[in-house]
Structure formats: structure tokens, C-alpha cells
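S.K.: The structure follows.
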Amino acid sequence: MHKAPGPSVWRFGVVSTAVILAVPVTVILSYLLVPAGEVWQHLAATVLQDYVINSLLLMLGVTAGVLVFGVGAAWLTSMCRFPGAGFFEWSLLLPMAMPAYIIAYTYTGLFDFAGPLQTTIRGLTGWRFGDYWFPEIRSLEGAALMLSLVLFPYVYLLARAAFLSQSLCVLDVSRTLGNGPWRTFFTVALPLARPAIVAGLSLALMETLADYGTVQYFGVSTFTTGIFRTWFGLGSTAAAAQLSAVLLMFVFVLVFLERSSRRKARYHHTSQRHQDLRRYQLSGWRSNTALLFCFSILFFGFLLPAGQLLVWAGTTAEGQLDSRFLNLVWNSLGLAGTASLLALMLALFLGYGKRLNGNRPVRVAVRVAGMGYAVPGTVIAVGVMIPFAAIDNGVDAWMRLQFGISTGLLLSGTLVALVFAYLVRFLAVSLQTVEAGLAKVRPSMDEVARSMGATAAETVRRVHFPMLKGSLMTALLLVFVDVLKELPATLLLRPFNFSTLAVRAYELASDERLADASHASLTIVAAGILPVILLSYSIAHSRHVQTT
Amino acid sequence: MSRQLEVKNLTIAYDGKTAVEGVSFYLGAADIGCLLGPSGCGKTSLLRAIAGFEPVVAGEILLRGRQVTRPGESLEPEQRHVGMVFQDFALYPHLTVWKNVAFGIRRFKRAERRRRVDELLKLVNMQGTENKYPHQLSGGQQQRIALVRAMAPRPDILLLDEPFSGLDVELRTQLAREVRDILKRDQITAILVTHDQLEAFAMADKIAVMAEGELRQWGDGYQLYHRPVDRFVADFIGQGAMLPGQIIDGPRIETPLGIVQGNHMADLSPGETVDLLLRPSDIVHDDDSPFKLEVLDRVFQGAEYLYTLHLSDDTKVLCLVQSHHDHAIGERIGVKLDVSSLVIFASDH
């Protein structure tokens with residue numbers, strides 16, 4: 001016979017992991033209590049107002065953009081029938097593969113004064129600089145447009161799912177009560193989908209706040225660029241952390257908005273009986289407008305920038321595809337591979353901890369560990385740098401005192417700091433996937449296996465692993481691609497002389513070598529397409545299940 | 001008779017709350033037992049303790065004479081040689097029907113394994129589904145696969161946790177009968193947990209009625225229905241009403257519907273007031289009877305009408321009458337008692 005081992009070891013492990021992962025955010029928040037220094041007062045008097053206003057305006061612009069693109073596309077592809085609707089259903093996710101900073105580089109190359117479009121206009125008309133008005137792409141409006149073009153899929157995905165889950169009955173009732181299709185959309189379908197739309201919007205706005213590459217390149221002063229400038233330019237840790245803390249407040253509002261919307265969304269099913277939607281058949285100009293609308297978003301959000309990248313890559317292949325580039329690829333893949341594997345292992349540890357010993361502290365701990373997805377990479381980087389540097393200095397001072405040896409930077413200047421920051425930010429992604437996978441293995445499935453003579457280890461091998469395999473691969477892939485794309489945290493934390501594809505693209509673009517940046521950019525976009533394929537497959541699959 | 005399962009004085013508690021208290025019973029080889037009771041009565045906890053998924057506070061469990069649990073110590077579920085069928089069937093979605101059934105017998109020799117799976121699939125009439133996946137089966141088919149999967153390793157005892165509750169009502173009793181036949185043919189000892197007495201009657205040889213963590217009565221369906229030991233069992237099993245009465249002498253009782261006479265177990269002296277349990281079949285319709293009662297309600301059940309009759313302001317009695325006796329609500333009909341064995345309880349008031 002056997003005595004059951006105490007679950008306290010697991011619990012302790014899960015809670016400590018969450019505490020360690022919460023260090024960066026805690027450090028940042030603690031700076032709210034640190035008295036404001038000179039630098040902060042200088043910032044508050046001069047640029048802080050700009051940061052707040054620009055960030056708010058940017059969020060406003062992105063809100064308008066993603067709502068029009070996302071809700072419009074979701075309504076058309078889920079409720080209407082027009083040529084190409086099936087194609088747009090999945091292809092409208094492609095812009096997700098395009099990081100905002102990369103689309104910003106391509107658009108600058110395309111629409112700048114020296115770009116092909118303006119050159120053509122000048123060639124045709126004979127105008128010269130100053131003779132004509134052309135919208136300035138490198139502006140706040142431009143940044144909002146760039147972000148909207150690549151972030152609208154968040155709204156599109158959630159709104160589409162919400163529209164599809166609406167039962168035909170509620171829409172039919174509206175029609176029988178004398179409302180036309182437009183009125184039905186605005187008075188019934190849209191309000192019912194509102195929680196889902198707000199949740200998608202919150203996610204898009206979190207990404208907006210986290211963006212550094214686009215706003216930096218377009219010269220728009222927001223919190224993220226402000227943090228960089230304060231950190232590198234003014235060299236003030238405290239002020240950078242305080243700016244980060246203010247940015248975090250904005251993020252918390254969004255997190256709250258997202259969480260509460262998701263909760264509400266659950267109760268927005270008014271009808272128990274679900275009947276598949278009968279789509280509106282569009283014809284004539286309506287059909288053409290729908291087609292044009294969807295195609296434009298896809299074209300400007302993906303086809304045009306991807307095409308431009310391909311053209312650039314073709315013209316500059318010779319000078320760029322050298323051993324240095326291979327080295328970049330190797331660095332990026334190694335880093336993304338390491339981070340995604342570690343994230344998966346942590347997610348499994350936390351997921352199983354919750355499943356097996358899920359008391360309240362453990363559940364709270366797992367939740368805390370998954371909070372990082374909302375926190376901008378810049379903020380996490382500052383929050384990692386401060387404690388790691390403190391540890392390094394402490395160890396160094398002690399070693400010098402005791403043994404006369406200087407240990408230098410053990411953590412802060414190394415890949416350890418960078419990988420830790422990635423884990424803080426992206427653990428949520430793999431945790432969510434692993435938890436969803438584990439939920440499919442019902443407790444009774446474990447118990448059946450045990451009662452038929454399988455040991456715990458055997459149950460994991462013969463039941464859990466085969467059932468989880470897909471989720472584990474997905475978790476790996478999603479974190480891998482996210483790490484590959486991540487720019488600001490990498491910029492702040494990378495070791496000296498260590499570069500990745502994202503950093504290289506950023507550096508080349510900053511030097512106005514847009515065409516040379518295309519190889520790195522294209523590699524990131526190509527990798528980004530993988531999760532999109534996965535996502536569109538699961539969408540197609542879920543629809544298939546619905547109809548059978 | 002050898003005791004396949006023996007539960008002695010078992011107590012189970014979680015977080016200081018007692019779920020099962022002092023339960024004892026045993027099952028012989030190839031017996032089918034049933035734990036019957038309302039939700040929260042502890043029947044599922046008891047079943048899970050037998051399987052090894054719940055620790056016990058006091059008492060012991062023996063499987064084929066081997067002690068598998070005592071307070072603080074417990075044999076791992078995989079070492080107990082029990083089979084379990086769950087409410088949600090818990091079929092493995094990543095395995096075919098064949099592999100699901102073979103899951104617990106991978107230590108069998110190849111040929112023996114093949115023979116056992118084929119035999120079981122034949123037993124439940126599911127040949128030809130070997131390569132299907134669980135989601136391609138109907139609810140009833142999934143149920144049968146879950147059953148034979150648990151039977152495959154020839155467990156010492158098979159535990160069934162509300163195995164029919166996920167299925168259509170019309171299917172349940174029929175399937176319960178089917179499962180009973182299958183278990184009997186394979187000579188398997190089993191325990192079923194359910195809150196549905198018809199399921200229990202259809203399937204079990206012995207039924208334990210449980211309430212509030214205690215075993216109230218252990219017997220077959222006939223005993224539970226006709227010889228309930230307390231008011232709870234009388235109320236929980238079958239339909240019926242309590243008729244007030246007064247003891248005249250040993251076997252004779254005076255009631256508002258005349259004097260009844262019959263055997264009973266109660267030890268009561270003349271003059272004491274009692275409640276007499278009346279099943280619907282204990283009251284017969286008789287136009288000549290001097291006792292006329294008003295029809296309050298009636299339910300057509302095909303061959304019979306179930307009448308609810310007004311006796312006094314706080315007593316209504318049920319009466320089963322062949323359906324060609326068609327009486328309207330409000331009508332007064334003659335009834336008389338036809339009780340041979342009496343079930344009486346000392347009066348509350």
C-alpha cells in the first residue's frame with residue numbers, strides 16, 4: 001500500500017514560478033511609490049503631455065480603423081454571400097503575419113517622396129517638390145493606419161465568431177418585426193456581438209500601446225518611444241520605470257475591459273436553440289462593394305506590403321544573403337526555439353499544477369503567470385533590467401570584496417535576461433493553449449486508465465500525450481513566431497553585438513536602407529504565416545463540425 | 001458464497017464534512033449491486049472509494065478477500081483490478097473502438113488480446129465498428145464500448161457511475177436490461193450508482209438505498225417496495241400515501257377506509273396511532289364499497305388510470321384502476337382496501 005504524497009511541492013513550485021514571473025511588473029509598479037526625481041519632473045513639464053495625447057490619439061485612430069475593417073469584414077464574410085466570401089474568410093487573417101513595424105517600412109518605401117508612387121506622379125505631371133499635396137505617411141495618422149491594417153484581425157476573428165454564434169431566430173424576429181437588414185444589423189446583431197468586439201478591440205489596443213517600431217520610425221512620440229529615450233538618452237532608470245508604470249495603468253484599463261467583455265459575451269446567447277445562419281445573398285453593386293471592401297483590406301494589409309518586400313528582396317538578394325544573414329537567422333531561430341521550448345515546459349508545469357492540485361493560491365498563481373501578454377515588451381524589458389542589474393552589481397561587489405574578483409554582468413547583459421523577458425511576455429500564449437488542450441482530457445479519462453491498470457506515468461504517455469500533441473505543437477509555434485517578431489524587448493535587452501532578424505530589419509530601416517531590410521522582414525513575415533494557416537485551418541474545421 | 005466485495009463500516013469525509021458514514025454491505029460473485037439515492041447521498045463517493053479515487057476515514061474495503069484500503073492507506077487504483085464506467089463514458093477520442101477496448105489489456109498476449117476484444121464486441125453487437133472513432137458512434141453505442149472496455153481485463157468488480165444518465169429516457173431501462181444480460185453472461189460482479197429506481201430494478205440483484213451518507217436499506221426491489229424499513233425508503237421507492245390508523249390488536253388496524261388485517265413487523269400495543277403505507281395497487285375500485293372518495297386528479301397511463309383521491313384535508317391516496325373505468329374529476333368513486341402485508345410506522349403526531 002501507498003501513502004499519497006503531499007501536493008505541497010507542486011503548489012510551492014507553481015506559486016514560486018508565478019512570483020518570479022511577476023517580478024518585472026512588480027518592480028515597475030513599485031516605482032509609483034518612488035518619489036519623482038528631477039528627470040521625471042523635467043519629463044512631466046515637457047513631453048509627458050505629448051506622450052499621453054499621442055498615445056490616446058493613436059488608440060482612437062486604431063479603434064476607428066480596426067472597428068471599420070474588422071466588424072465590416074466579419075459581417076460580410078459571416079452573414080453575406082458574395083463571390084470570394086469563402087476565400088476572404090481565411091485570407092483576411094493574413095495581415096496578422098505582418099508586424100506593424102514591417103508594414104510601416106514598406107509603406108514608407110512605397111509612398112514617400114522618393115517612392116515609386118510619387119515618382120510616377122511627378123513623372124506624369126511634371127510637378128516638383130512642393131507643387132502638389134500628398135498625404136504624409138510618416139505621421140500619427142499614418143501610424144494609426146499601419147497599426148489598423150495589421151491589428152484588425154483581432155476584431156475580425158472575435159466579431160466573426162460572435163456573429164456566427166448568433167442564432168438565426170433573433171435576427172429573423174427582427175425582420176418579422178419590420179426591420180430591414182441594415183436596421184437589424186445595427187439594432188440586433190451589433191449589440192449582441194458587442195462584448196466580443198470590445199474584447200477584440202482591447203487586444204488590438206494592447207498591441208498598439210506595446211508598439212515601438214512603427215511609432216519610432218514615424219517619429220510619433222508615445223510612451224514606448226519616451227521610455228527608450230529616457231532610458232538611453234537621459235540614462236534615468238527611475239524615470240523610465242515611472243513612465244512604464246503610467247503606461248501600465250493604460251494597459252490595466254484595457255485588460256479589465258477585455259476580461260469583463262469576455263465574461264459578458266458568455267451570457268449573450270439569448271436563444272438556446274441554434275440554427276445555422278442563412279446568409280444574405282448579395283448581388284449587383286452590393287456584391288461588388290463587398291468584394292471591393294474585403295479585397296482592399298487584404299490588398300493594403302498584406303498583398304501590397306508583401307509584394308513590395310518580395311520585389312526589394314529580389315533586387316538586393318546578392319548583397320544581403322551572406323553569412324551574416326545566416327548568422328541572424330541562426331540567432332533568431334535559436335532564441336525563438338529556446339524561449340518557446342521553455343515556455344512550453346513552464347506552461348505544462350503550471351497547467352498540470354492547476355489540474356492536479358488546483359487550490360485557490362495555485363489558480364491565482366497561474367492567472368498571474370498569464371498576465372504578461374498585456375504588458376508591452378518595452379515595459380517588461382525595463383522591469384527585467386532593473387532587478388537583474390541590481391543582482392549583478394550585488395554579486396560583483398560581494399565577490400570583489402571577498403575574493404578581489406569582478407564578475408561583471410552575469411545576468412543583465414546576457415541572453416538569460418532576454419529569454420526571461422520573452423517568457424514573461426509570451427508564457428500566456430502557450431499557457432492558454434496547453435490549458436485548453438488539458439481541458440479536453442476529462443478527469444474521468446484519467447480515472448478509467450488508472451482503473452484499467454495504467455500507472456500515472458503510463459496514463460500520461462498513452463492518454464495525455466496523444467491527446468495533447470496538437471496543442472503542444474501549437475503552443476510551440478505561437479510563441480516561436482511571437483518571439484521572432486518581438487522588437488522592443490530584444491532591442492533593450494540583447495547582449496552587445498548580438499542581433500536578430502527583427503533588430504536587423506529595424507536597424508537597416510532606421511538607416512533608410514529599406515530595400516536591404518526586406519530579407520529579414522520577409523523571413524519574419526513568412527514565419528508569421530504559419531500560425532495564420534493553423535488558425536484558418538481551425539476556423540474551417542470548426543465550421544465543418546457545426547454543419548455535421 | 002464467496003464475498004467478491006465487502007465494505008465494512010466505511011466512513012468517507014472531505015474537508016471535515018462527512019460524505020459517507022458507517023456503511024457496510026457485501027456482494028457475492030457475479031452479483032449486481034446498486035447504490036440508489038438522491039443526489040448528495042454519498043453513493044458516488046462510496047463508488048469512488050471502492051475504485052481507489054477517494055481516501056477513507058474509517059472502515060475497510062475488501063476485494064476478493066484482499067484488503068485494498070484502510071484509513072490513511074490506500075492501494076493505487078491501477079493495482080485494485082476494478083473496472084469503471086463513467087457517466088461521460090470517457091472514451092479516448094484519439095483511439096479507435098478496437099484500441100479503446102484493448103486499452104486495459106495490453107499485457108495480454110497478442111492472440112489472446114485479439115480474441116478478447118472480438119468476443120466483447122460480439123457480445124455487445126458492435127462487430128464492424130473496430131476502426132471507427134468514438135465521435136462516429138451514437139450515444140448508446142459509445143455506452144456499450146465504454147462498458148466492454150471496462151470489462152476487457154476481467155476486473156474483480158465493475159463499477160458503473162450513472163452509466164445511463166447521458167442517454168435518452170426511453171433508452172435507459174432497455175439498456176439497463178441489456179447491460180445486465182451482458183454482465184450475467186460474462187459472470188461479472190458489478191455495482192451501479194444511480195438515482196433512478198427503475199434503472200436499479202431493471203439491473204440490480206441487490207439495492208442499497210442511501211440517504212445523507214447512510215445506508216438505509218439493503219435488499220432487492222421487491223423488499224424495498226413492499227417492506228421499506230423507514231419512511232424515507234417508503235417515500236423514495238415507488239408511489240404511495242400514508243393512511244392514518246389505530247391498532248386494534250396485533251394484526252388488525254382501524255383506518256378511515258375500514259379495518260385492515262395483515263402481517264406486519266412492528267411491535268405496537270392496542271390503541272397506538274400509526275401511519276399505514278398504501279401503494280396505488282393496495283386500493284381497489286369497487287362500486288359497491290361504502291367508502292366513496294372524490295377524484296382530485298387523474299393521469300391516463302394506457303392500461304390504467306392513476307387516480308388521486310381525496311380522503312381528508314391532509315390525506316390524499318392514490319389508486320390504480322383499469323382504464324375502462326373512466327371517472328371525471330370531481331366524481332366520487334367507491335374504493336376498498338386490499339392489503340395483505342402491512343407496512344406501518346409509528347405516527348409522527
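A note on labels: chains of the C-alpha cells are A, B, ... as shown, every chain counts residues from 1, and ligands are counted from 1 in their shown order.
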Give me the residues near Ala390 of chain A as a list in words, where near means some atom within 12 Å (using only C-alpha atoms) and where sequence neighbours in that chain fewer than 6 positions away do not count.

M.R.: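 Here the qualifying residues turn out to be Val27, Thr237, Gly383, Val384, Asp396, Ala397, Gly408, Leu409, Leu410, Leu411 and Ser412 of chain A.
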
S.K.: Keeping only N, CA and C atoms, write the selected residues as a compact mmCIF listing (two decimals), in the first residue's frame.

M.R.:
```txt
# COMPACT_ATOMS: atom_id res chain seq x y z
N VAL A 27 8.26 45.28 -10.07
CA VAL A 27 9.33 46.29 -9.98
C VAL A 27 8.84 47.60 -10.58
N THR A 237 17.06 55.50 -15.02
CA THR A 237 16.31 54.27 -14.76
C THR A 237 14.96 54.59 -14.13
N GLY A 383 11.56 46.39 -16.66
CA GLY A 383 11.30 45.67 -15.41
C GLY A 383 12.24 44.49 -15.19
N VAL A 384 12.82 43.95 -16.27
CA VAL A 384 13.79 42.87 -16.14
C VAL A 384 15.17 43.45 -15.84
N ASP A 396 28.72 41.22 -7.91
CA ASP A 396 30.03 41.75 -8.28
C ASP A 396 30.71 42.40 -7.08
N ALA A 397 29.98 43.23 -6.36
CA ALA A 397 30.54 43.94 -5.20
C ALA A 397 31.00 42.93 -4.13
N GLY A 408 31.44 41.08 -13.13
CA GLY A 408 30.80 41.81 -14.22
C GLY A 408 29.33 41.48 -14.33
N LEU A 409 28.85 41.47 -15.60
CA LEU A 409 27.41 41.25 -15.81
C LEU A 409 27.14 39.76 -15.98
N LEU A 410 26.48 39.18 -15.01
CA LEU A 410 26.16 37.75 -15.10
C LEU A 410 24.83 37.53 -15.78
N LEU A 411 23.89 38.42 -15.50
CA LEU A 411 22.53 38.22 -15.99
C LEU A 411 22.12 39.30 -16.99
N SER A 412 22.31 40.55 -16.59
CA SER A 412 21.62 41.63 -17.30
C SER A 412 22.11 41.81 -18.73
```

S.K.: Hey, what does DSSP flag as strand (DSSP E or B) within segment 80-217 of chain B? Can you give it to me as a PyMOL selection string?

M.R.: chain B and resi 82-85+157-161+190-194+206-211+214-217

S.K.: Go ahead and save the picked residues with C-alpha atoms, as a tab-separated table (two decimals), in the first residue's frame.

M.R.:
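Final file, again.tsv:
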```tsv
chain	number	residue	atom	x	y	z
B	82	VAL	CA	-11.52	-2.89	-10.80
B	83	GLY	CA	-13.25	-1.66	-13.94
B	84	MET	CA	-15.07	1.62	-14.12
B	85	VAL	CA	-17.68	3.04	-16.50
B	157	ILE	CA	-15.61	-5.84	-9.85
B	158	LEU	CA	-17.11	-3.46	-12.38
B	159	LEU	CA	-18.17	-0.03	-11.13
B	160	LEU	CA	-20.77	1.90	-13.11
B	161	ASP	CA	-21.24	5.57	-12.25
B	190	ALA	CA	-20.81	-5.12	-10.63
B	191	ILE	CA	-22.04	-2.11	-8.72
B	192	LEU	CA	-24.20	0.54	-10.32
B	193	VAL	CA	-24.75	4.03	-8.97
B	194	THR	CA	-27.98	5.72	-9.91
B	206	LYS	CA	-29.33	-6.13	-4.54
B	207	ILE	CA	-30.01	-2.47	-3.96
B	208	ALA	CA	-28.65	-0.20	-1.25
B	209	VAL	CA	-30.87	2.79	-0.63
B	210	MET	CA	-28.72	5.63	0.66
B	211	ALA	CA	-29.63	8.94	2.24
B	214	GLU	CA	-26.02	6.35	5.42
B	215	LEU	CA	-27.19	3.05	4.07
B	216	ARG	CA	-30.87	2.92	4.93
B	217	GLN	CA	-31.87	-0.40	3.45
```

S.K.: Any idea which chain A residues end up within 9 Å of chain B if we count only C-alpha atoms, as a list in words please?

M.R.: Met1, His2, Lys3, Ala4, Val441, Arg442, Pro443, Ser444, Met445, Asp446, Glu447, Val448, Ala449, Arg450, Ser451, Met452, Gly453, Ala454, Thr455, Ala456, Arg462, Val463, Pro466 and Met467 of chain A

S.K.: Quick one: distance from atom CA of Ser260 of chain A to atom CA of Leu151 of chain A in Å, one decimal?

M.R.: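 We find that atom CA of Ser260 of chain A and atom CA of Leu151 of chain A lie 20.9 Å from each other.
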
S.K.: Please report the interatomic distance between atom CA of Pro361 of chain A and atom CA of Ala22 of chain A in Å with one decimal.

M.R.: 14.5 Å

S.K.: Which polymer residues have any atom within 6 Å of an atom of segment 366-377 of chain A, counting only C-alpha atoms, with same-chain residues fewer than 2 positions away left out, as a PyMOL selection string?

M.R.: chain A and resi 18+210+363-364+379-380+424-426+428+488-489

S.K.: Could you tell me how far atom CA of Leu320 of chain B sits from atom CA of Ser281 of chain B, in Å to one decimal place?

M.R.: 5.7 Å

S.K.: Counting only C-alpha atoms, what is within 7 Å of Gly28 of chain B, bar same-chain residues fewer than 5 positions away, as a list in words?

M.R.: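 What passes the distance filter is Met1, Ser2, Arg3, Gln4 and Leu5 of chain B.
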
S.K.: With only C-alpha atoms as the counted atoms, please give the residues lying no more than 9 Å from segment 329-336 of chain B, apart from itself and same-chain residues fewer than 4 positions off, as a list in words.

M.R.: Leu257, Gly258, Asp282, Ile283, Val284, His285, Asp286, Asp287, Asp288, Ser289, Pro290, Phe291, Lys292, Leu293, Glu294, Val295, Leu296, Asp297, Arg298, Leu309 and Cys319 of chain B

S.K.: How would the residues just chosen look if you wrote them out with C-alpha atoms as an mmCIF file, in the first residue's frame?

M.R.:
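Output below, filename selection_16.cif:
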```cif
data_model
loop_
_atom_site.group_PDB
_atom_site.id
_atom_site.type_symbol
_atom_site.label_atom_id
_atom_site.label_comp_id
_atom_site.auth_asym_id
_atom_site.auth_seq_id
_atom_site.Cartn_x
_atom_site.Cartn_y
_atom_site.Cartn_z
ATOM 1 C CA LEU B 257 -61.296 3.086 4.938
ATOM 2 C CA GLY B 258 -62.277 0.258 7.268
ATOM 3 C CA ASP B 282 -53.389 -1.526 -2.368
ATOM 4 C CA ILE B 283 -56.612 0.376 -3.078
ATOM 5 C CA VAL B 284 -59.056 -1.190 -5.479
ATOM 6 C CA HIS B 285 -62.037 0.356 -7.172
ATOM 7 C CA ASP B 286 -65.330 -1.168 -6.071
ATOM 8 C CA ASP B 287 -68.679 0.463 -6.873
ATOM 9 C CA ASP B 288 -70.329 -1.469 -4.024
ATOM 10 C CA SER B 289 -67.929 -0.167 -1.396
ATOM 11 C CA PRO B 290 -69.430 2.062 1.300
ATOM 12 C CA PHE B 291 -66.337 4.295 1.057
ATOM 13 C CA LYS B 292 -66.777 6.905 -1.653
ATOM 14 C CA LEU B 293 -63.903 9.306 -2.373
ATOM 15 C CA GLU B 294 -63.773 12.339 -4.629
ATOM 16 C CA VAL B 295 -61.444 12.233 -7.660
ATOM 17 C CA LEU B 296 -58.975 15.131 -7.392
ATOM 18 C CA ASP B 297 -56.778 14.311 -10.340
ATOM 19 C CA ARG B 298 -56.198 11.505 -12.779
ATOM 20 C CA LEU B 309 -58.458 10.617 -4.347
ATOM 21 C CA CYS B 319 -55.487 4.327 -6.732
#
```

S.K.: Return as CSV the residues of segment 159-193 of chain B lying at most 9 Å from segment 114-124 of chain B, together with the closest atom-to-atom pair for each and the distance in Å to one decimal, counting only C-alpha atoms, with rows in chain order and ascending residue number.

M.R.:
```
residue,atom,partner,partner_atom,distance
B:Glu178,CA,B:Val124,CA,8.8
B:Val179,CA,B:Val124,CA,8.8
B:Ile182,CA,B:Leu123,CA,7.0
B:Arg185,CA,B:Leu123,CA,8.9
```

S.K.: Please, could you write that set of residues out with N, CA and C atoms as a PDB file, in the first residue's frame?

M.R.:
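Heads up, here's the output in out23.pdb:
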```
ATOM      1  N   GLU B 178     -30.217  -4.727 -20.963  1.00  0.00           N
ATOM      2  CA  GLU B 178     -29.212  -5.258 -21.869  1.00  0.00           C
ATOM      3  C   GLU B 178     -27.885  -5.441 -21.155  1.00  0.00           C
ATOM      4  N   VAL B 179     -27.495  -4.401 -20.405  1.00  0.00           N
ATOM      5  CA  VAL B 179     -26.216  -4.443 -19.695  1.00  0.00           C
ATOM      6  C   VAL B 179     -26.234  -5.571 -18.667  1.00  0.00           C
ATOM      7  N   ILE B 182     -25.547  -8.789 -20.361  1.00  0.00           N
ATOM      8  CA  ILE B 182     -24.139  -8.893 -20.754  1.00  0.00           C
ATOM      9  C   ILE B 182     -23.280  -9.263 -19.551  1.00  0.00           C
ATOM     10  N   ARG B 185     -23.864 -12.831 -18.513  1.00  0.00           N
ATOM     11  CA  ARG B 185     -23.265 -13.790 -19.430  1.00  0.00           C
ATOM     12  C   ARG B 185     -21.760 -13.907 -19.191  1.00  0.00           C
TER      13      ARG B 185
END
```

S.K.: Hey, what's within 9 Å of segment 243-245 of chain A if we count only C-alpha atoms and toss same-chain stuff fewer than 3 positions away? As a list of chain:residue names, please?

M.R.: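 Selected residues are A:Val25, A:Ile28, A:Leu29, A:Ser30, A:Tyr31, A:Leu32, A:Trp40, A:Leu48, A:Phe223, A:Thr224, A:Gly226, A:Ile227, A:Thr230, A:Ala238, A:Ala239, A:Ala240, A:Leu248, A:Met249, A:Pro376, A:Thr378, A:Val379, A:Ile380, A:Val382, A:Gly383.
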
S.K.: Only C-alpha atoms, please: the residues just picked out, written as a PDB file, in the first residue's frame.

M.R.:
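What landed in out33.pdb:
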```pdb
ATOM      1  CA  VAL A  25       5.710  44.150 -13.428  1.00  0.00           C
ATOM      2  CA  ILE A  28       7.741  48.737 -12.433  1.00  0.00           C
ATOM      3  CA  LEU A  29       4.710  49.279 -10.224  1.00  0.00           C
ATOM      4  CA  SER A  30       6.923  49.814  -7.189  1.00  0.00           C
ATOM      5  CA  TYR A  31       8.352  52.874  -8.935  1.00  0.00           C
ATOM      6  CA  LEU A  32       4.977  54.526  -8.499  1.00  0.00           C
ATOM      7  CA  TRP A  40      10.679  62.839 -14.114  1.00  0.00           C
ATOM      8  CA  LEU A  48       4.656  63.730 -20.836  1.00  0.00           C
ATOM      9  CA  PHE A 223       5.070  56.148 -24.148  1.00  0.00           C
ATOM     10  CA  THR A 224       7.241  53.444 -25.695  1.00  0.00           C
ATOM     11  CA  GLY A 226       9.559  58.006 -24.454  1.00  0.00           C
ATOM     12  CA  ILE A 227      10.762  55.086 -22.352  1.00  0.00           C
ATOM     13  CA  THR A 230      14.588  58.279 -21.176  1.00  0.00           C
ATOM     14  CA  ALA A 238      13.815  55.680 -12.324  1.00  0.00           C
ATOM     15  CA  ALA A 239      12.125  57.960 -14.827  1.00  0.00           C
ATOM     16  CA  ALA A 240      11.955  55.198 -17.443  1.00  0.00           C
ATOM     17  CA  LEU A 248       0.882  50.045 -17.362  1.00  0.00           C
ATOM     18  CA  MET A 249      -2.119  51.919 -15.973  1.00  0.00           C
ATOM     19  CA  PRO A 376       4.350  45.978 -23.567  1.00  0.00           C
ATOM     20  CA  THR A 378       9.392  47.801 -23.507  1.00  0.00           C
ATOM     21  CA  VAL A 379       7.929  47.797 -20.005  1.00  0.00           C
ATOM     22  CA  ILE A 380       8.945  44.185 -19.396  1.00  0.00           C
ATOM     23  CA  VAL A 382      12.823  47.816 -18.133  1.00  0.00           C
ATOM     24  CA  GLY A 383      11.296  45.665 -15.413  1.00  0.00           C
TER      25      GLY A 383
END
```

S.K.: Using only C-alpha atoms, find each residue in segment 61-170 of chain A having at least one atom no more than 9 Å away from segment 514-535 of chain A; report its shortest atom-to-atom pair and that distance in Å (one decimal), rows by chain then rising number, as a Markdown table.

M.R.:
```
| residue | atom | partner | partner_atom | distance |
| --- | --- | --- | --- | --- |
| A:Trp90 | CA | A:Ile533 | CA | 8.4 |
| A:Ser91 | CA | A:Val532 | CA | 8.8 |
| A:Leu93 | CA | A:Val532 | CA | 6.3 |
| A:Leu94 | CA | A:Val532 | CA | 6.3 |
| A:Pro95 | CA | A:Ile529 | CA | 8.9 |
| A:Met96 | CA | A:Val532 | CA | 7.2 |
| A:Ala97 | CA | A:Gly528 | CA | 4.2 |
| A:Met98 | CA | A:Val525 | CA | 5.5 |
| A:Pro99 | CA | A:Val525 | CA | 7.4 |
| A:Ile102 | CA | A:Ser521 | CA | 6.3 |
| A:Tyr105 | CA | A:Leu514 | CA | 6.6 |
| A:Thr106 | CA | A:Leu514 | CA | 7.4 |
| A:Thr108 | CA | A:Leu514 | CA | 8.6 |
| A:Gly109 | CA | A:Leu514 | CA | 6.7 |
```
